[in-house]
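K.L.:
Shown below is the structure under consideration.
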2 protein chains.
Amino acid sequence: MDIFINGIGMTQFGNLKDRSLKSLLLEACEEAIKDAGSPKIDAVFIGNFMGGSVYNQEILGALVANDLGLGHIPTAKVEGACASGGIAFRQAYIGILSGEYDTVLVAGAEKMKHISTAEITEAINAAMDNESNEKHAGLTFPGFFGVLANRYFYETGATKEHLAKVALKNRENAMNNRLAQFRQPTTLEEITSAKMITDPLGLFDCSPITDGAAAAVLSNKSSDIRIAASAQASGPTQMQNAEELLTLQAVEESGKEAYEKAGIGPEDIDVVEIHDCFSMTEIISSEALGFFPKGEGYIALDEGRTKPDGDVPINTSGGLLSKGHPIGATGISQIFQVVQQLRGNAPNQAENARIGLAQNLGGTGAYSTVHIMERLG
Amino acid sequence: MDIFINGIGMTQFGNLKDRSLKSLLLEACEEAIKDAGSPKIDAVFIGNFMGGSVYNQEILGALVANDLGLGHIPTAKVEGACASGGIAFRQAYIGILSGEYDTVLVAGAEKMKHISTAEITEAINAAMDNESNEKHAGLTFPGFFGVLANRYFYETGATKEHLAKVALKNRENAMNNRLAQFRQPTTLEEITSAKMITDPLGLFDCSPITDGAAAAVLSNKSSDIRIAASAQASGPTQMQNAEELLTLQAVEESGKEAYEKAGIGPEDIDVVEIHDCFSMTEIISSEALGFFPKGEGYIALDEGRTKPDGDVPINTSGGLLSKGHPIGATGISQIFQVVQQLRGNAPNQAENARIGLAQNLGGTGAYSTVHIMERLG
């Protein structure tokens with residue numbers, strides 16, 4: 001069965017302290033439904049990570065169904081840490097594939113800017129294993145990806161300046177994306193000399209704290225954008241259990257499965273959104289997804305191949321680093337950007353984009369989804 | 001496609017302060033996998049409501065996949081308030097129906113006893129709409145169902161003693177269930193004279209705070225228990241939006257859909273687990289599911305028809321009221337009991353139970369799932 005994306009919607013990403021979680025969700029959903037031509041919706045899935053812990057608001061699925069007057073339809077929230085949005089999108093896809101639903105609304109949202117950084121850090125740490133000695137020893141997400149960066153430098157000869165080039169590229173992309181959180185110009189010097197978060201990751205190497213929402217309408221009714229593959233994999237919840245530190249296994253596995261399902265390879269992809277929670281993550285995941293050989297992603301970056309006019313445009317939206325990272329919304333906002341690219345109306349439009357890929361990561365590699373979308377005709 | 005339940009597992013329900021959320025999940029999962037003959041698992045869904053807000057532990061899907069060594073398989077947590085377990089079960093069912101998975105492990109779990117009642121009440125209130133005037137006015141879950149009880153009394157002539165008879169029946173059932181939280185004998189007098197929570201609901205009319213987990217293995221490989229129907233509906237998130245106060249619309253809609261899918265009616269059901277979060281809820285949901293005419297559920301109860309040897313045995317497990325209500329686990333623990341009934345080895349075994357129904361409610365009627373299971377041969 002072919003499944004299509006009939007509509008997309010997305011709110012501003014940023015510091016939206018005067019907006020409620022529900023109002024963000026509803027705005028993105030209404031836009032996606034309108035974009036899809038206002039079809040009858042058969043089910044709703046919501047990607048969200050910390051609605052309960054920092055906002056005391058669960059039942060997001062029922063709130064959307066009720067407030068949009070969608071009737072007595074099935075709804076649920078889906079959680080897989082920072083991959084909550086991508087997994088919710090996949091549940092919408094599977095729901096249609098099963099024959100239970102014809103048209104499904106999926107949305108992701110997060111409110112994060114209304115509380116302190118310490119409280120957010122505590123809430124984010126729910127994506128680590130409470131019982132692991134790594135967490136007890138104080139490991140955090142910047143710590144995990146900082147270790148990976150140092151190891152990558154050691155094995156490949158890459159430097160902190162390569163990481164900065166990821167951050168700079170994504171900021172330059174965000175400058176053209178009116179929905180992005182950070183649109184101020186910056187320089188390599190500003191990035192490399194910024195406040196250190198976890199050596200070698202500085203402030204610009206880390207995705208920010210963001211409010212926002214994104215949505216999509218999926219259906220078995222034909223439209224111009226077909227979902228060529230939906231794939232998901234899991235990986236180790238602890239660093240000590242990684243088979244190989246510089247390959248996020250969930251990313252690699254979900255990528256392989258997606259290519260197999262779509263019957264294509266990385267060389268066929270015209271535009272890519274990768275989960276750049278840290279600058280380092282974009283590079284190693286561009287390798288895990290087969291765009292570049294292992295240990296050579298930083299060279300491709302250096303050569304400008306991942307810029308919008310390169311042969312593998314990555315994160316033309318600005319990525320998590322500059323578009324922002326409202327956790328539950330991120331996976332769906334990636335798909336929002338890929339659909340815009342395939343429709344030919346994206347910020348930083350890539351030339352002749354016909355096939356796009358979106359990869360969404362959760363935890364320290366505990367979850368990854370990969371979706372491949374194709375423009376028909 | 002026919003989908004089957006190949007295995008079930010469940011931990012003790014109760015005050016399990018020395019057990020972690022993960023250890024409860026793993027125990028139930030291991031039991032279900034063993035009961036299913038240790039098949040290869042293709043995906044994991046977890047039903048859970050407050051892992052993030054009161055236990056700082058999300059990524060439960062990845063933790064189970066990792067700690068049980070299930071490989072790089074897709075996993076997710078599913079939330080729909082107190083219906084999280086039933087919805088997770090339905091996602092497992094849909095995943096197999098879609099052809100994406102052959103065999104899926106589903107589990108539900110909650111840790112609630114390690115914090116104060118005030119903190120738990122706050123966390124549970126995440127299942128109401130933050131922006132509603134009802135919540136701002138101080139409405140809580142006992143308040144909502146207390147209003148329903150008073151209205152039911154007014155319309156039908158039922159009394160507080162009828163509610164007590166629900167609580168007494170379910171306690172007597174729990175006394176035979178070694179996994180139930182409350183197994184001490186009680187009396188109508190003790191129940192009707194217990195501390196008032198919200199008029200007319202006393203302590204025994206309200207489901208308790210509970211730790212526990214339950215699990216099941218679903219598959220397209222034949223076993224003795226077939227899932228005859230999986231249905232889900234949503235309803236109003238606010239009392240003021242209910243079309244009719246004494247009909248939980250989500251329960252009625254999910255029931256109708258389940259009967260239609262199974263091609264049977266309520267008269268064909270041999271054994272029932274109903275979401276008795278309050279004694280009142282069991283009565284009105286027994287009507288919404290079509291077992292008794294509207295306004296006559298309390299008469300059927302009075303006549304003993306809902307006891308294990310009655311013609312409509314309801315909550316032979318002890319129900320939420322006495323088996324306990326570890327929120328995310330509840331929906332799957334209901335299915336655990338129905339499967340035991342169909343296998344002929346349940347506590348309070350009903351005679352010749354061949355078809356069973358489990359109904360799981362979320363919020364103030366925001367979600368309901370109904371699953372109908374059938375013994376083959």
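Chain identifiers are assigned as A, B, and so on, following the order in which chains appear in the structure tokens; residues are numbered from 1 within each chain, and ligands are numbered from 1 in order of appearance.
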Pick out each residue of range 70-301 of chain B that DSSP on the backbone tags as strand (DSSP E or B); I need them as an MDAnalysis selection string.

P.N.:
chainID B and resid 75:80 82 103:110 196:198 201:202 206 211:219 225:234 271:273 278

K.L.:
Within 9 Å of range 331-337 of chain B, counting only C-alpha atoms, which residues qualify if same-chain residues fewer than 4 places away don't, as a PyMOL selection string?

P.N.:
chain B and resi 8-10+47+82-89+106-108+213-216+272-275+315-317+319+327+341-342+346-347+356-361+369+371+373

K.L.:
Based on the selection just made, write N, CA and C atoms of those residues as a compact mmCIF listing (two decimals), in the first residue's frame.

P.N.:
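Okay, again.txt is ready:
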# COMPACT_ATOMS: atom_id res chain seq x y z
N ILE B 8 1.37 -14.27 28.48
CA ILE B 8 1.02 -13.19 29.41
C ILE B 8 1.91 -13.26 30.65
N GLY B 9 2.08 -12.10 31.28
CA GLY B 9 2.86 -12.05 32.52
C GLY B 9 2.39 -10.90 33.38
N MET B 10 2.56 -11.03 34.68
CA MET B 10 2.12 -9.94 35.58
C MET B 10 2.85 -10.06 36.91
N GLY B 47 3.09 0.73 27.84
CA GLY B 47 2.07 1.64 28.36
C GLY B 47 2.53 2.20 29.70
N CYS B 82 -4.96 6.83 31.99
CA CYS B 82 -5.15 5.52 32.60
C CYS B 82 -5.43 4.44 31.56
N ALA B 83 -5.63 4.84 30.30
CA ALA B 83 -5.80 3.87 29.21
C ALA B 83 -4.48 3.58 28.49
N SER B 84 -3.37 4.03 29.05
CA SER B 84 -2.07 3.84 28.38
C SER B 84 -1.80 2.38 28.06
N GLY B 85 -2.16 1.48 28.96
CA GLY B 85 -1.91 0.05 28.74
C GLY B 85 -2.76 -0.50 27.61
N GLY B 86 -4.03 -0.18 27.62
CA GLY B 86 -4.93 -0.66 26.57
C GLY B 86 -4.54 -0.12 25.20
N ILE B 87 -4.11 1.14 25.17
CA ILE B 87 -3.71 1.74 23.89
C ILE B 87 -2.40 1.12 23.40
N ALA B 88 -1.47 0.86 24.33
CA ALA B 88 -0.22 0.21 23.94
C ALA B 88 -0.51 -1.18 23.36
N PHE B 89 -1.44 -1.89 23.99
CA PHE B 89 -1.84 -3.22 23.50
C PHE B 89 -2.38 -3.08 22.07
N VAL B 106 4.19 -6.38 24.47
CA VAL B 106 3.60 -5.16 25.01
C VAL B 106 3.57 -5.29 26.52
N ALA B 107 3.90 -4.20 27.19
CA ALA B 107 3.91 -4.23 28.65
C ALA B 107 3.45 -2.88 29.17
N GLY B 108 2.92 -2.88 30.38
CA GLY B 108 2.56 -1.65 31.04
C GLY B 108 3.10 -1.67 32.45
N ALA B 213 3.30 -4.16 37.21
CA ALA B 213 3.50 -4.27 35.77
C ALA B 213 2.78 -5.49 35.23
N ALA B 214 2.45 -5.46 33.96
CA ALA B 214 1.83 -6.59 33.27
C ALA B 214 2.30 -6.59 31.83
N ALA B 215 2.28 -7.74 31.18
CA ALA B 215 2.82 -7.84 29.82
C ALA B 215 2.08 -8.91 29.03
N ALA B 216 2.20 -8.84 27.72
CA ALA B 216 1.63 -9.85 26.83
C ALA B 216 2.46 -9.94 25.56
N VAL B 272 -15.90 -10.40 31.78
CA VAL B 272 -15.64 -8.99 31.50
C VAL B 272 -14.70 -8.39 32.54
N GLU B 273 -13.73 -7.62 32.06
CA GLU B 273 -12.98 -6.73 32.96
C GLU B 273 -13.32 -5.30 32.56
N ILE B 274 -13.87 -4.54 33.50
CA ILE B 274 -14.25 -3.14 33.25
C ILE B 274 -13.38 -2.24 34.11
N HIS B 275 -13.07 -1.08 33.56
CA HIS B 275 -12.20 -0.11 34.24
C HIS B 275 -12.96 0.55 35.40
N ASN B 315 -15.08 -8.10 36.50
CA ASN B 315 -13.91 -7.90 37.35
C ASN B 315 -13.65 -9.06 38.30
N THR B 316 -13.54 -10.25 37.73
CA THR B 316 -13.19 -11.43 38.53
C THR B 316 -11.77 -11.32 39.08
N SER B 317 -10.99 -10.39 38.55
CA SER B 317 -9.61 -10.17 39.04
C SER B 317 -9.59 -9.44 40.38
N GLY B 319 -10.66 -6.22 40.01
CA GLY B 319 -10.81 -4.88 39.43
C GLY B 319 -9.77 -3.91 39.93
N ILE B 327 -1.15 2.67 36.96
CA ILE B 327 -1.88 3.22 35.81
C ILE B 327 -1.53 2.56 34.46
N GLN B 341 -8.94 -16.45 32.27
CA GLN B 341 -10.32 -16.95 32.26
C GLN B 341 -10.55 -17.87 31.06
N LEU B 342 -10.08 -17.44 29.88
CA LEU B 342 -10.32 -18.23 28.67
C LEU B 342 -9.51 -19.52 28.68
N ALA B 346 -8.19 -19.08 35.86
CA ALA B 346 -8.23 -17.76 36.50
C ALA B 346 -8.64 -17.87 37.97
N PRO B 347 -8.20 -16.91 38.78
CA PRO B 347 -8.86 -16.76 40.08
C PRO B 347 -10.33 -16.40 39.81
N GLY B 356 -14.12 -13.24 26.10
CA GLY B 356 -13.95 -12.25 27.16
C GLY B 356 -13.71 -10.86 26.61
N LEU B 357 -14.05 -9.86 27.40
CA LEU B 357 -13.91 -8.46 26.99
C LEU B 357 -13.17 -7.69 28.08
N ALA B 358 -12.24 -6.82 27.64
CA ALA B 358 -11.52 -5.95 28.57
C ALA B 358 -11.67 -4.51 28.13
N GLN B 359 -12.11 -3.64 29.05
CA GLN B 359 -12.33 -2.22 28.74
C GLN B 359 -11.48 -1.36 29.65
N ASN B 360 -10.71 -0.47 29.05
CA ASN B 360 -9.71 0.36 29.75
C ASN B 360 -10.03 1.83 29.48
N LEU B 361 -10.15 2.61 30.56
CA LEU B 361 -10.57 4.02 30.45
C LEU B 361 -9.40 4.97 30.77
N THR B 369 -10.40 1.93 25.44
CA THR B 369 -10.13 0.82 24.53
C THR B 369 -10.99 -0.36 24.94
N HIS B 371 -11.04 -4.55 24.07
CA HIS B 371 -10.50 -5.71 23.37
C HIS B 371 -11.36 -6.93 23.68
N MET B 373 -11.44 -11.04 23.35
CA MET B 373 -10.59 -12.21 23.15
C MET B 373 -11.46 -13.47 23.11

K.L.:
Using only C-alpha atoms, find which residues of chain A lie within 7 Å of chain B and jot them down as a PyMOL selection string.

P.N.:
chain A and resi 52-53+56-59+62-63+66+72-81+94-95+97-98+123+126-127+130+232-237+250+366

K.L.:
Find the residues around range 282-290 of chain A up to 9 Å (only C-alpha atoms counted), leave out those fewer than 3 positions away in its own chain, and share them as an MDAnalysis selection string.

P.N.:
chainID A and resid 152 163 166 246:249 251:256 265:267 274:279 293:298 301 314:315 359

K.L.:
Determine, counting only C-alpha atoms, which protein, DNA and RNA residues have an atom within 8 Å of an atom of Ala167 in chain B; residues of the same chain fewer than 4 positions away are not included. Present the result as a PyMOL selection string.

P.N.:
chain B and resi 163+171+191+204-205+279+321-322

K.L.:
Kindly export the residues of the current selection with N, CA and C atoms, as a compact mmCIF listing (two decimals), in the first residue's frame.

P.N.:
# COMPACT_ATOMS: atom_id res chain seq x y z
N LEU B 163 -23.13 1.24 45.36
CA LEU B 163 -21.70 1.44 45.10
C LEU B 163 -20.88 0.50 45.98
N ARG B 171 -13.64 -6.78 46.07
CA ARG B 171 -12.75 -7.23 47.15
C ARG B 171 -12.83 -8.74 47.32
N ILE B 191 -17.44 -0.61 54.37
CA ILE B 191 -17.33 0.17 53.13
C ILE B 191 -18.18 1.45 53.20
N PHE B 204 -13.41 3.16 49.88
CA PHE B 204 -13.48 1.88 49.15
C PHE B 204 -14.08 2.04 47.76
N ASP B 205 -14.66 3.21 47.47
CA ASP B 205 -15.22 3.45 46.14
C ASP B 205 -14.17 3.94 45.15
N SER B 279 -16.19 2.90 41.98
CA SER B 279 -17.27 1.91 41.97
C SER B 279 -18.35 2.34 40.98
N LEU B 321 -10.32 -1.55 41.84
CA LEU B 321 -10.64 -1.22 43.23
C LEU B 321 -9.86 -2.07 44.21
N SER B 322 -9.69 -3.36 43.92
CA SER B 322 -8.98 -4.21 44.89
C SER B 322 -7.75 -4.91 44.32
